[in-house]
Protein chains: 2
Amino acid sequence: MSSNYDVKQEVTDKYSLRGRVFHKLRDDILSGKYEENEELKEVAIGEELGVSRTPVREAFRQLELEGLIQIIPNKGAYVTGITEKDVKDIYMIRSLLEGLCARWATEHITQEQMEEMEENVYLSKFHAQKGHLEQLAELDNRFHDIMYEACNSKMLEHQLKDFHQYVLRVRKKTLANKNRGPKSNEEHEEILQAIKDGDADRAEQLANRHMINAYDNMVKNGLHEAYHDREQG
Amino acid sequence: MSSNYDVKQEVTDKYSLRGRVFHKLRDDILSGKYEENEELKEVAIGEELGVSRTPVREAFRQLELEGLIQIIPNKGAYVTGITEKDVKDIYMIRSLLEGLCARWATEHITQEQMEEMEENVYLSKFHAQKGHLEQLAELDNRFHDIMYEACNSKMLEHQLKDFHQYVLRVRKKTLANKNRGPKSNEEHEEILQAIKDGDADRAEQLANRHMINAYDNMVKNGLHEAYHDREQG
DNA sequence: GCCTGTATAAGTGTATACAATTATACCGAG
DNA sequence: CTCGGTATAATTGTATACACTTATACAGGC
């Protein structure tokens with residue numbers, strides 16, 4: 001677990017060399033600039049970004065914590081691969097935790113958060129009709145973030161954000177699917193309704209199902225091609 | 001997600017300075033040598049262990065990932081506090097994940113793992129009768145570790161081990177309670193039986209309940225005194 | 001007395017030099 | 001040609017020096 005429990009710190013991070021290296025490398029890994037299992041060399045990265053090895057090394061330690069690279073002592077840092085099974089496991093785990101999150105959110109959500117969720121769902125409908133996939137993805141992320149905050153548990157929030165980060169690499173592919181966007185938003189609306197009704201059981205169940213549906217959809221639409229020949233035992 | 005997905009690395013870690021600093025500091029924090037919110041200074045730690053600041057700094061980054069310290073840029077590293085609510089949240093989250101773990105373990109456990117579990121339960125009975133709390137705690141940990149391995153998901157295993165690590169500081173207190181030891185082992189036996197029967201639903205439910213019981217017991221017996229006046233908003 | 005600003009000290013951030021480890025290339029023996 | 005070993009290079013690990021940021025103390029103005 002790793003990482004930053006404090007949002008403010010992440011901001012501050014951007015102003016330190018280590019922070020900048022960290023964010024740059026993370027973006028590059030998530031965007032697929034580096035191949036899986038590709039070795040990251042300290043000097044090469046350092047020269048590329050115009051910094052010395054020290055901040056690079058420290059950024060590596062952070063990336064390892066985020067699970068994006070694996071550091072083998074005296075050997076090197078390698079971009080971690082996610083197997084299909086890993087993705088599946090994460091979605092199953094997330095399914096449970098998103099459910100718990102929805103339950104707690106039902107009990108602790110503020111008026112303000114509720115309103116932002118409503119706005120989110122409303123806006124999503126519009127962009128879904130127009131086929132604006134980019135905005136739809138953005139709103140989808142935000143919907144979940146609001147719920148993470150609303151659950152009033154920084155432990156759970158942190159966990160879910162970590163997982164979300166982790167599957168981001170894969171998630172792009174599934175959001176490019178035109179059918180899922182609208183369907184996903186319908187489910188958001190149902191979850192929101194349950195929260196508004198104060199029905200924690202139903203909210204949990206729906207959020208649970210929402211994740212499983214997202215996974216099922218992803219499997220049907222291209223997870224395999226995204227990970228064709230990179231599986232490991 | 002803080003940390004090491006590879007066991008071999010942890011071993012290797014012990015032979016590097018950074019690794020040694022990391023393990024030493026972790027043990028010290030978990031054993032309560034440092035107060036909550038105490039500041040860890042790079043030079044002081046370095047001098048104490050006879051190393052320079054570099055490995056200390058890198059160890060800090062790892063500890064931050066494990067959630068044991070919080071690093072504030074340009075200020076310092078502070079031992080993180082766990083509030084009562086954090087502990088409660090973690091146990092609720094663990095309850096779900098231990099349940100999932102038991103379910104998957106039912107589906108994937110090997111003959112060898114099953115036998116070690118049986119031996120574990122059997123031995124625990126003996127030590128429970130004798131009142132050997134130390135051994136009982138050890139076996140309790142091991143029981144869960146076996147299940148984590150048996151679930152055949154390195155993602156879930158990693159999560160659960162992280163959480164376990166996190167509450168270790170608190171857990172000591174609850175295991176010192178004479179009543180819980182035997183009761184806990186009885187529950188282990190039931191879980192094992194469900195796994196043996198191939199009844200995944202029951203295994204999940206029992207493991208679920210097992211965690212909640214552990215938490216309830218802890219609350220009744222001294223969590224409060226361990227965390228009396230250190231809560232935060 | 002309190003507030004503010006500046007000087008000093010302490011501590012972290014970064015760069016670099018050196019040590020240790022690991023990978024690579026080359027050469028010789030079989 | 002292949003296998004093994006050694007020398008060399010490349011890369012990571014660690015220590016240290018310097019830069020920058022933050023905290024502290026003290027002095028002066030109000």
# chains A, B, ... in the order shown; residues from 1 in each chain; ligands from 1

$ residues_around --residues "DC27 in chain C" --least-positions-apart "2" --cutoff "12 Å" --atoms "only C-alpha atoms (C1' of nucleotides)" --output "list in words"
DA25 and DA29 of chain C; DG4, DG5, DT6 and DA7 of chain D

$ residues_around --residues "DT21 in chain D" --least-positions-apart "2" --cutoff "9 Å" --atoms "only C-alpha atoms (C1' of nucleotides)" --output "short mmCIF file (atom, residue, chain, number, x, y, z; two decimals) with N, CA and C atoms (P, O5', C5', C4', C3', O3' and C1' of nucleotides), in the first residue's frame"
data_model
loop_
_atom_site.label_atom_id
_atom_site.label_comp_id
_atom_site.auth_asym_id
_atom_site.auth_seq_id
_atom_site.Cartn_x
_atom_site.Cartn_y
_atom_site.Cartn_z
N ASN B 74 10.16 18.12 2.18
CA ASN B 74 10.94 19.19 2.80
C ASN B 74 10.69 19.36 4.29
N LYS B 75 9.92 18.48 4.85
CA LYS B 75 9.69 18.58 6.28
C LYS B 75 10.25 17.38 7.02
P DG C 11 18.21 18.30 12.81
"O5'" DG C 11 17.52 18.23 11.38
"C5'" DG C 11 16.22 18.79 11.21
"C4'" DG C 11 15.80 18.61 9.76
"C3'" DG C 11 16.21 17.26 9.19
"O3'" DG C 11 15.10 16.64 8.57
"C1'" DG C 11 16.97 19.01 7.79
P DT C 12 15.25 15.21 7.86
"O5'" DT C 12 14.91 15.58 6.35
"C5'" DT C 12 13.71 16.30 6.07
"C4'" DT C 12 13.80 16.92 4.70
"C3'" DT C 12 13.90 15.92 3.54
"O3'" DT C 12 13.03 16.34 2.49
"C1'" DT C 12 15.65 17.47 3.41
P DG C 13 12.98 15.53 1.12
"O5'" DG C 13 13.92 16.39 0.18
"C5'" DG C 13 13.40 17.56 -0.45
"C4'" DG C 13 14.25 17.94 -1.65
"C3'" DG C 13 14.42 16.83 -2.69
"O3'" DG C 13 14.35 17.42 -3.99
"C1'" DG C 13 16.54 17.48 -1.89
#

$ residues_around --residues "DA10 in chain C" --least-positions-apart "4" --cutoff "12 Å" --atoms "only C-alpha atoms (C1' of nucleotides)" --output "list in words"
Lys41, Glu42, Val43, Asn74, Lys75 and Gly76 of chain B; DT21, DT22, DA23 and DT24 of chain D

$ residues_around --residues "DC18 in chain C" --least-positions-apart "2" --cutoff "10 Å" --atoms "only C-alpha atoms (C1' of nucleotides)" --output "ChimeraX atom specification"
/C:16,20 /D:14-16

$ atom_distance --atom1 "CA of Asp199 in chain A" --atom2 "CA of Ser184 in chain A"
20.1 Å

$ calpha_fit_rmsd --fixed "chain B" --moving "chain A"
0.1 Å

$ closest_atom_pairs --of "chain C" --to "chain A" --cutoff "7 Å" --atoms "only C-alpha atoms (C1' of nucleotides)" --output "CSV"
residue,atom,partner,partner_atom,distance
C:DT14,C1',A:Thr54,CA,6.8
C:DA15,C1',A:Ser52,CA,6.0
C:DT21,C1',A:Asn74,CA,6.2
C:DT22,C1',A:Lys75,CA,6.8

$ write_last_selection --atoms "C-alpha atoms (C1' of nucleotides)" --output "mmCIF file, in the first residue's frame"
data_model
loop_
_atom_site.group_PDB
_atom_site.id
_atom_site.type_symbol
_atom_site.label_atom_id
_atom_site.label_comp_id
_atom_site.auth_asym_id
_atom_site.auth_seq_id
_atom_site.Cartn_x
_atom_site.Cartn_y
_atom_site.Cartn_z
ATOM 1 C "C1'" DT C 14 19.830 16.666 -5.403
ATOM 2 C "C1'" DA C 15 24.202 15.707 -7.721
ATOM 3 C "C1'" DT C 21 27.527 -6.460 -8.177
ATOM 4 C "C1'" DT C 22 26.022 -8.271 -12.451
#

$ select_by_dssp --residues "range 64-154 of chain B" --states "alpha helix (DSSP H)" --output "PyMOL selection string"
chain B and resi 64-65+84-108+111-130+133-150+154

$ select_by_dssp --residues "range 61-187 of chain A" --states "strand (DSSP E)" --output "PyMOL selection string"
chain A and resi 69-72+76-79

$ residues_around --residues "Gly131 in chain B" --least-positions-apart "5" --cutoff "10 Å" --atoms "only C-alpha atoms (C1' of nucleotides)" --output "ChimeraX atom specification"
/B:125-126,136,178,181-182

$ closest_atom_pairs --of "chain D" --to "chain A" --cutoff "12 Å" --atoms "only C-alpha atoms (C1' of nucleotides)" --output "JSON lines"
{"residue": "D:DA10", "atom": "C1'", "partner": "A:Lys41", "partner_atom": "CA", "distance": 10.7}
{"residue": "D:DT11", "atom": "C1'", "partner": "A:Lys75", "partner_atom": "CA", "distance": 7.4}
{"residue": "D:DT12", "atom": "C1'", "partner": "A:Asn74", "partner_atom": "CA", "distance": 5.1}
{"residue": "D:DG13", "atom": "C1'", "partner": "A:Asn74", "partner_atom": "CA", "distance": 7.4}
{"residue": "D:DT14", "atom": "C1'", "partner": "A:Thr54", "partner_atom": "CA", "distance": 11.4}
{"residue": "D:DC20", "atom": "C1'", "partner": "A:Ser16", "partner_atom": "CA", "distance": 11.2}
{"residue": "D:DT21", "atom": "C1'", "partner": "A:Ser16", "partner_atom": "CA", "distance": 11.5}

$ write_last_selection --atoms "N, CA and C atoms (P, O5', C5', C4', C3', O3' and C1' of nucleotides)" --output "PDB file, in the first residue's frame"
ATOM      1  P    DA D  10      30.304   0.146 -21.680  1.00  0.00           P
ATOM      2  O5'  DA D  10      29.000  -0.215 -20.840  1.00  0.00           O
ATOM      3  C5'  DA D  10      28.325  -1.459 -21.090  1.00  0.00           C
ATOM      4  C4'  DA D  10      27.359  -1.760 -19.967  1.00  0.00           C
ATOM      5  C3'  DA D  10      26.552  -0.560 -19.489  1.00  0.00           C
ATOM      6  O3'  DA D  10      25.198  -0.949 -19.367  1.00  0.00           O
ATOM      7  C1'  DA D  10      27.603  -1.593 -17.658  1.00  0.00           C
ATOM      8  P    DT D  11      24.074   0.158 -19.093  1.00  0.00           P
ATOM      9  O5'  DT D  11      23.675  -0.172 -17.587  1.00  0.00           O
ATOM     10  C5'  DT D  11      23.393  -1.519 -17.215  1.00  0.00           C
ATOM     11  C4'  DT D  11      23.230  -1.604 -15.709  1.00  0.00           C
ATOM     12  C3'  DT D  11      22.555  -0.383 -15.079  1.00  0.00           C
ATOM     13  O3'  DT D  11      21.422  -0.799 -14.344  1.00  0.00           O
ATOM     14  C1'  DT D  11      24.502  -0.983 -13.887  1.00  0.00           C
ATOM     15  P    DT D  12      20.507   0.263 -13.591  1.00  0.00           P
ATOM     16  O5'  DT D  12      20.767  -0.156 -12.068  1.00  0.00           O
ATOM     17  C5'  DT D  12      20.576  -1.512 -11.677  1.00  0.00           C
ATOM     18  C4'  DT D  12      21.298  -1.784 -10.365  1.00  0.00           C
ATOM     19  C3'  DT D  12      20.750  -0.999  -9.166  1.00  0.00           C
ATOM     20  O3'  DT D  12      20.651  -1.875  -8.050  1.00  0.00           O
ATOM     21  C1'  DT D  12      23.064  -0.663  -9.359  1.00  0.00           C
ATOM     22  P    DG D  13      20.138  -1.315  -6.657  1.00  0.00           P
ATOM     23  O5'  DG D  13      21.494  -1.081  -5.846  1.00  0.00           O
ATOM     24  C5'  DG D  13      22.115  -2.192  -5.214  1.00  0.00           C
ATOM     25  C4'  DG D  13      23.147  -1.718  -4.195  1.00  0.00           C
ATOM     26  C3'  DG D  13      22.583  -0.802  -3.106  1.00  0.00           C
ATOM     27  O3'  DG D  13      23.128  -1.179  -1.847  1.00  0.00           O
ATOM     28  C1'  DG D  13      24.329   0.312  -4.251  1.00  0.00           C
ATOM     29  P    DT D  14      22.664  -0.483  -0.529  1.00  0.00           P
ATOM     30  O5'  DT D  14      23.785   0.631  -0.336  1.00  0.00           O
ATOM     31  C5'  DT D  14      25.139   0.235  -0.179  1.00  0.00           C
ATOM     32  C4'  DT D  14      26.031   1.449  -0.074  1.00  0.00           C
ATOM     33  C3'  DT D  14      25.633   2.474   0.992  1.00  0.00           C
ATOM     34  O3'  DT D  14      26.670   2.520   1.958  1.00  0.00           O
ATOM     35  C1'  DT D  14      26.236   3.523  -1.057  1.00  0.00           C
ATOM     36  P    DC D  20      20.373  26.472  -5.042  1.00  0.00           P
ATOM     37  O5'  DC D  20      19.080  26.051  -4.204  1.00  0.00           O
ATOM     38  C5'  DC D  20      18.373  24.856  -4.554  1.00  0.00           C
ATOM     39  C4'  DC D  20      17.414  24.499  -3.442  1.00  0.00           C
ATOM     40  C3'  DC D  20      16.564  25.675  -2.941  1.00  0.00           C
ATOM     41  O3'  DC D  20      15.205  25.323  -3.015  1.00  0.00           O
ATOM     42  C1'  DC D  20      17.530  24.492  -1.130  1.00  0.00           C
ATOM     43  P    DT D  21      14.068  26.462  -2.761  1.00  0.00           P
ATOM     44  O5'  DT D  21      13.237  25.846  -1.545  1.00  0.00           O
ATOM     45  C5'  DT D  21      13.147  24.438  -1.383  1.00  0.00           C
ATOM     46  C4'  DT D  21      12.851  24.099   0.061  1.00  0.00           C
ATOM     47  C3'  DT D  21      11.884  25.051   0.754  1.00  0.00           C
ATOM     48  O3'  DT D  21      10.775  24.314   1.213  1.00  0.00           O
ATOM     49  C1'  DT D  21      13.791  24.644   2.109  1.00  0.00           C
TER      50       DT D  21
END

$ closest_atom_pairs --of "chain A" --to "chain B" --cutoff "10 Å" --atoms "only C-alpha atoms" --output "JSON lines"
{"residue": "A:Met1", "atom": "CA", "partner": "B:Met1", "partner_atom": "CA", "distance": 2.9}
{"residue": "A:Ser2", "atom": "CA", "partner": "B:Leu65", "partner_atom": "CA", "distance": 3.2}
{"residue": "A:Ser3", "atom": "CA", "partner": "B:Leu65", "partner_atom": "CA", "distance": 4.4}
{"residue": "A:Asn4", "atom": "CA", "partner": "B:Leu65", "partner_atom": "CA", "distance": 7.5}
{"residue": "A:Tyr5", "atom": "CA", "partner": "B:Gly67", "partner_atom": "CA", "distance": 8.2}
{"residue": "A:Asp6", "atom": "CA", "partner": "B:Gln70", "partner_atom": "CA", "distance": 8.9}
{"residue": "A:Lys8", "atom": "CA", "partner": "B:Ile72", "partner_atom": "CA", "distance": 9.6}
{"residue": "A:Gln9", "atom": "CA", "partner": "B:Ile72", "partner_atom": "CA", "distance": 6.9}
{"residue": "A:Glu10", "atom": "CA", "partner": "B:Pro73", "partner_atom": "CA", "distance": 9.9}
{"residue": "A:Thr12", "atom": "CA", "partner": "B:Pro73", "partner_atom": "CA", "distance": 7.2}
{"residue": "A:Asp13", "atom": "CA", "partner": "B:Pro73", "partner_atom": "CA", "distance": 7.5}
{"residue": "A:Tyr15", "atom": "CA", "partner": "B:Pro73", "partner_atom": "CA", "distance": 9.7}
{"residue": "A:Ser16", "atom": "CA", "partner": "B:Pro73", "partner_atom": "CA", "distance": 8.3}
{"residue": "A:Gly19", "atom": "CA", "partner": "B:Pro73", "partner_atom": "CA", "distance": 9.8}
{"residue": "A:Thr54", "atom": "CA", "partner": "B:Thr54", "partner_atom": "CA", "distance": 8.6}
{"residue": "A:Arg57", "atom": "CA", "partner": "B:Glu58", "partner_atom": "CA", "distance": 8.1}
{"residue": "A:Glu58", "atom": "CA", "partner": "B:Glu58", "partner_atom": "CA", "distance": 6.3}
{"residue": "A:Ala59", "atom": "CA", "partner": "B:Arg61", "partner_atom": "CA", "distance": 8.9}
{"residue": "A:Phe60", "atom": "CA", "partner": "B:Arg61", "partner_atom": "CA", "distance": 9.7}
{"residue": "A:Arg61", "atom": "CA", "partner": "B:Arg61", "partner_atom": "CA", "distance": 6.4}
{"residue": "A:Gln62", "atom": "CA", "partner": "B:Arg61", "partner_atom": "CA", "distance": 6.6}
{"residue": "A:Leu63", "atom": "CA", "partner": "B:Ser2", "partner_atom": "CA", "distance": 9.1}
{"residue": "A:Glu64", "atom": "CA", "partner": "B:Ser3", "partner_atom": "CA", "distance": 6.3}
{"residue": "A:Leu65", "atom": "CA", "partner": "B:Ser2", "partner_atom": "CA", "distance": 3.9}
{"residue": "A:Glu66", "atom": "CA", "partner": "B:Met1", "partner_atom": "CA", "distance": 5.1}
{"residue": "A:Gly67", "atom": "CA", "partner": "B:Met1", "partner_atom": "CA", "distance": 6.4}
{"residue": "A:Leu68", "atom": "CA", "partner": "B:Met1", "partner_atom": "CA", "distance": 9.7}
{"residue": "A:Gln70", "atom": "CA", "partner": "B:Asn4", "partner_atom": "CA", "distance": 8.0}
{"residue": "A:Ile71", "atom": "CA", "partner": "B:Gln9", "partner_atom": "CA", "distance": 8.4}
{"residue": "A:Ile72", "atom": "CA", "partner": "B:Gln9", "partner_atom": "CA", "distance": 6.8}
{"residue": "A:Pro73", "atom": "CA", "partner": "B:Thr12", "partner_atom": "CA", "distance": 7.2}
{"residue": "A:Asn74", "atom": "CA", "partner": "B:Ser16", "partner_atom": "CA", "distance": 9.3}
{"residue": "A:Lys85", "atom": "CA", "partner": "B:Ser153", "partner_atom": "CA", "distance": 8.2}
{"residue": "A:Asp86", "atom": "CA", "partner": "B:Met155", "partner_atom": "CA", "distance": 6.5}
{"residue": "A:Val87", "atom": "CA", "partner": "B:Met155", "partner_atom": "CA", "distance": 9.1}
{"residue": "A:Lys88", "atom": "CA", "partner": "B:Met155", "partner_atom": "CA", "distance": 9.9}
{"residue": "A:Asp89", "atom": "CA", "partner": "B:Met155", "partner_atom": "CA", "distance": 6.8}
{"residue": "A:Ile90", "atom": "CA", "partner": "B:Met155", "partner_atom": "CA", "distance": 6.9}
{"residue": "A:Met92", "atom": "CA", "partner": "B:Leu100", "partner_atom": "CA", "distance": 8.7}
{"residue": "A:Ile93", "atom": "CA", "partner": "B:Leu97", "partner_atom": "CA", "distance": 7.2}
{"residue": "A:Arg94", "atom": "CA", "partner": "B:Leu97", "partner_atom": "CA", "distance": 9.9}
{"residue": "A:Leu96", "atom": "CA", "partner": "B:Leu96", "partner_atom": "CA", "distance": 6.9}
{"residue": "A:Leu97", "atom": "CA", "partner": "B:Ile93", "partner_atom": "CA", "distance": 7.1}
{"residue": "A:Leu100", "atom": "CA", "partner": "B:Ile93", "partner_atom": "CA", "distance": 7.9}
{"residue": "A:Cys101", "atom": "CA", "partner": "B:Ile93", "partner_atom": "CA", "distance": 9.8}
{"residue": "A:Asn152", "atom": "CA", "partner": "B:Asp89", "partner_atom": "CA", "distance": 10.0}
{"residue": "A:Ser153", "atom": "CA", "partner": "B:Asp89", "partner_atom": "CA", "distance": 7.0}
{"residue": "A:Lys154", "atom": "CA", "partner": "B:Asp86", "partner_atom": "CA", "distance": 7.8}
{"residue": "A:Met155", "atom": "CA", "partner": "B:Asp86", "partner_atom": "CA", "distance": 6.5}
{"residue": "A:Leu156", "atom": "CA", "partner": "B:Asp89", "partner_atom": "CA", "distance": 7.3}
{"residue": "A:His158", "atom": "CA", "partner": "B:Met1", "partner_atom": "CA", "distance": 9.3}
{"residue": "A:Gln159", "atom": "CA", "partner": "B:Met1", "partner_atom": "CA", "distance": 7.9}
{"residue": "A:Asp162", "atom": "CA", "partner": "B:Met1", "partner_atom": "CA", "distance": 6.6}
{"residue": "A:Phe163", "atom": "CA", "partner": "B:Met1", "partner_atom": "CA", "distance": 8.5}
{"residue": "A:Tyr166", "atom": "CA", "partner": "B:Met1", "partner_atom": "CA", "distance": 9.4}

$ residues_around --residues "DG30 in chain C" --least-positions-apart "6" --cutoff "12 Å" --atoms "only C-alpha atoms (C1' of nucleotides)" --output "list in words"
DC1, DT2, DC3 and DG4 of chain D

$ write_last_selection --atoms "N, CA and C atoms (P, O5', C5', C4', C3', O3' and C1' of nucleotides)" --output "CSV table (one decimal), in the first residue's frame"
chain,number,residue,atom,x,y,z
D,1,DC,P,32.1,-22.9,-36.6
D,1,DC,O5',31.4,-23.7,-35.5
D,1,DC,C5',31.1,-25.1,-35.7
D,1,DC,C4',30.8,-25.8,-34.4
D,1,DC,C3',30.1,-24.8,-33.4
D,1,DC,O3',29.0,-25.5,-32.8
D,1,DC,C1',32.1,-25.7,-32.5
D,2,DT,P,28.1,-24.7,-31.8
D,2,DT,O5',28.6,-25.2,-30.3
D,2,DT,C5',28.7,-26.6,-30.1
D,2,DT,C4',29.4,-26.8,-28.7
D,2,DT,C3',28.8,-26.0,-27.6
D,2,DT,O3',28.6,-26.8,-26.5
D,2,DT,C1',31.1,-25.7,-27.7
D,3,DC,P,27.6,-26.3,-25.3
D,3,DC,O5',28.7,-26.2,-24.0
D,3,DC,C5',29.5,-27.3,-23.8
D,3,DC,C4',30.7,-26.9,-23.0
D,3,DC,C3',30.3,-26.0,-21.8
D,3,DC,O3',30.9,-26.6,-20.6
D,3,DC,C1',32.1,-25.0,-23.0
D,4,DG,P,30.4,-26.0,-19.1
D,4,DG,O5',31.7,-25.3,-18.5
D,4,DG,C5',32.9,-25.2,-19.4
D,4,DG,C4',34.0,-24.6,-18.7
D,4,DG,C3',33.7,-23.7,-17.4
D,4,DG,O3',34.9,-23.7,-16.6
D,4,DG,C1',34.4,-22.3,-19.2

$ atom_distance --atom1 "CA of Glu189 in chain A" --atom2 "CA of Arg169 in chain A"
25.7 Å

$ residues_around --residues "Glu190 in chain B" --least-positions-apart "6" --cutoff "12 Å" --atoms "only C-alpha atoms (C1' of nucleotides)" --output "list in words"
Ala102, Met117, Glu118, Val121, Lys183, Ser184, Lys196, Asp197, Asp199, Arg202, Ala203, Glu204, Gln205, Leu206, Ala207, Arg209 and His210 of chain B

$ write_last_selection --atoms "N, CA and C atoms" --output "CSV table (one decimal), in the first residue's frame"
chain,number,residue,atom,x,y,z
B,102,ALA,N,-11.3,-17.3,1.3
B,102,ALA,CA,-11.7,-18.7,1.7
B,102,ALA,C,-12.5,-19.4,0.5
B,117,MET,N,-2.9,-27.1,7.1
B,117,MET,CA,-4.0,-26.5,7.8
B,117,MET,C,-4.5,-27.4,8.9
B,118,GLU,N,-4.6,-28.7,8.6
B,118,GLU,CA,-5.1,-29.6,9.6
B,118,GLU,C,-4.1,-29.7,10.7
B,121,VAL,N,-4.4,-26.6,12.9
B,121,VAL,CA,-5.6,-26.6,13.8
B,121,VAL,C,-5.3,-27.6,15.0
B,183,LYS,N,-11.3,-19.8,20.9
B,183,LYS,CA,-12.5,-19.5,20.1
B,183,LYS,C,-12.1,-19.3,18.7
B,184,SER,N,-11.0,-18.6,18.5
B,184,SER,CA,-10.5,-18.4,17.1
B,184,SER,C,-10.1,-19.7,16.4
B,196,LYS,N,-12.7,-28.3,3.2
B,196,LYS,CA,-12.6,-29.8,2.9
B,196,LYS,C,-13.9,-30.3,2.2
B,197,ASP,N,-15.0,-29.8,2.6
B,197,ASP,CA,-16.3,-30.2,2.0
B,197,ASP,C,-16.5,-29.6,0.7
B,199,ASP,N,-17.4,-26.7,0.2
B,199,ASP,CA,-18.5,-25.8,0.3
B,199,ASP,C,-18.0,-24.3,0.3
B,202,ARG,N,-20.1,-21.6,2.3
B,202,ARG,CA,-20.0,-21.7,3.7
B,202,ARG,C,-18.6,-21.2,4.2
B,203,ALA,N,-17.6,-21.6,3.5
B,203,ALA,CA,-16.2,-21.2,3.8
B,203,ALA,C,-16.2,-19.6,3.8
B,204,GLU,N,-16.8,-19.0,2.8
B,204,GLU,CA,-16.7,-17.6,2.7
B,204,GLU,C,-17.5,-17.0,3.9
B,205,GLN,N,-18.6,-17.5,4.1
B,205,GLN,CA,-19.4,-16.9,5.2
B,205,GLN,C,-18.7,-17.1,6.6
B,206,LEU,N,-18.1,-18.2,6.8
B,206,LEU,CA,-17.4,-18.4,8.1
B,206,LEU,C,-16.2,-17.5,8.2
B,207,ALA,N,-15.4,-17.4,7.1
B,207,ALA,CA,-14.2,-16.6,7.2
B,207,ALA,C,-14.6,-15.1,7.4
B,209,ARG,N,-17.3,-14.1,9.0
B,209,ARG,CA,-17.7,-14.0,10.4
B,209,ARG,C,-16.5,-14.0,11.3
B,210,HIS,N,-15.6,-14.8,11.0
B,210,HIS,CA,-14.3,-15.0,11.8
B,210,HIS,C,-13.7,-13.6,12.0

$ closest_residue --among "B:Glu84, B:Glu98, B:Asp216, B:Glu149" --to "Glu116 in chain B" --atoms "only C-alpha atoms"
B:Glu149

$ closest_atom_pairs --of "range 54-143 of chain A" --to "range 22-36 of chain A" --cutoff "6 Å" --atoms "only C-alpha atoms" --output "Markdown table"
| residue | atom | partner | partner_atom | distance |
| --- | --- | --- | --- | --- |
| A:Ala59 | CA | A:Phe22 | CA | 4.8 |
| A:Val79 | CA | A:Glu36 | CA | 5.2 |
| A:Thr80 | CA | A:Glu36 | CA | 6.0 |
| A:Gly81 | CA | A:Glu36 | CA | 5.3 |

$ write_last_selection --atoms "N, CA and C atoms" --output "PDB file, in the first residue's frame"
ATOM      1  N   ALA A  59      12.013   7.740  -7.174  1.00  0.00           N
ATOM      2  CA  ALA A  59      10.768   7.582  -7.932  1.00  0.00           C
ATOM      3  C   ALA A  59      10.520   6.099  -8.205  1.00  0.00           C
ATOM      4  N   VAL A  79       9.139  -3.027 -15.827  1.00  0.00           N
ATOM      5  CA  VAL A  79       7.710  -2.719 -15.884  1.00  0.00           C
ATOM      6  C   VAL A  79       6.929  -4.003 -15.632  1.00  0.00           C
ATOM      7  N   THR A  80       6.035  -3.955 -14.653  1.00  0.00           N
ATOM      8  CA  THR A  80       5.301  -5.161 -14.306  1.00  0.00           C
ATOM      9  C   THR A  80       4.231  -5.460 -15.334  1.00  0.00           C
ATOM     10  N   GLY A  81       4.027  -6.707 -15.526  1.00  0.00           N
ATOM     11  CA  GLY A  81       2.959  -7.132 -16.406  1.00  0.00           C
ATOM     12  C   GLY A  81       1.735  -7.488 -15.582  1.00  0.00           C
TER      13      GLY A  81
END

$ decode --residues "range 107-129 of chain B" --atoms "C-alpha atoms" --output "PDB file, in the first residue's frame"
ATOM      1  CA  GLU B 107     -11.553 -24.046  -5.222  1.00  0.00           C
ATOM      2  CA  HIS B 108      -7.776 -24.122  -5.448  1.00  0.00           C
ATOM      3  CA  ILE B 109      -6.268 -25.539  -2.292  1.00  0.00           C
ATOM      4  CA  THR B 110      -3.640 -28.248  -2.749  1.00  0.00           C
ATOM      5  CA  GLN B 111      -3.376 -31.468  -0.818  1.00  0.00           C
ATOM      6  CA  GLU B 112      -0.233 -30.215   0.846  1.00  0.00           C
ATOM      7  CA  GLN B 113      -1.805 -26.955   1.982  1.00  0.00           C
ATOM      8  CA  MET B 114      -4.824 -28.794   3.303  1.00  0.00           C
ATOM      9  CA  GLU B 115      -2.588 -31.020   5.394  1.00  0.00           C
ATOM     10  CA  GLU B 116      -0.687 -28.099   6.828  1.00  0.00           C
ATOM     11  CA  MET B 117      -3.968 -26.477   7.807  1.00  0.00           C
ATOM     12  CA  GLU B 118      -5.089 -29.631   9.559  1.00  0.00           C
ATOM     13  CA  GLU B 119      -1.824 -29.853  11.423  1.00  0.00           C
ATOM     14  CA  ASN B 120      -2.127 -26.181  12.316  1.00  0.00           C
ATOM     15  CA  VAL B 121      -5.563 -26.598  13.832  1.00  0.00           C
ATOM     16  CA  TYR B 122      -4.509 -29.715  15.684  1.00  0.00           C
ATOM     17  CA  LEU B 123      -1.429 -28.086  17.154  1.00  0.00           C
ATOM     18  CA  SER B 124      -3.367 -24.981  18.092  1.00  0.00           C
ATOM     19  CA  LYS B 125      -5.732 -27.068  20.184  1.00  0.00           C
ATOM     20  CA  PHE B 126      -2.782 -28.326  22.179  1.00  0.00           C
ATOM     21  CA  HIS B 127      -1.289 -24.901  22.783  1.00  0.00           C
ATOM     22  CA  ALA B 128      -4.688 -23.471  23.593  1.00  0.00           C
ATOM     23  CA  GLN B 129      -5.131 -26.016  26.359  1.00  0.00           C
TER      24      GLN B 129
END
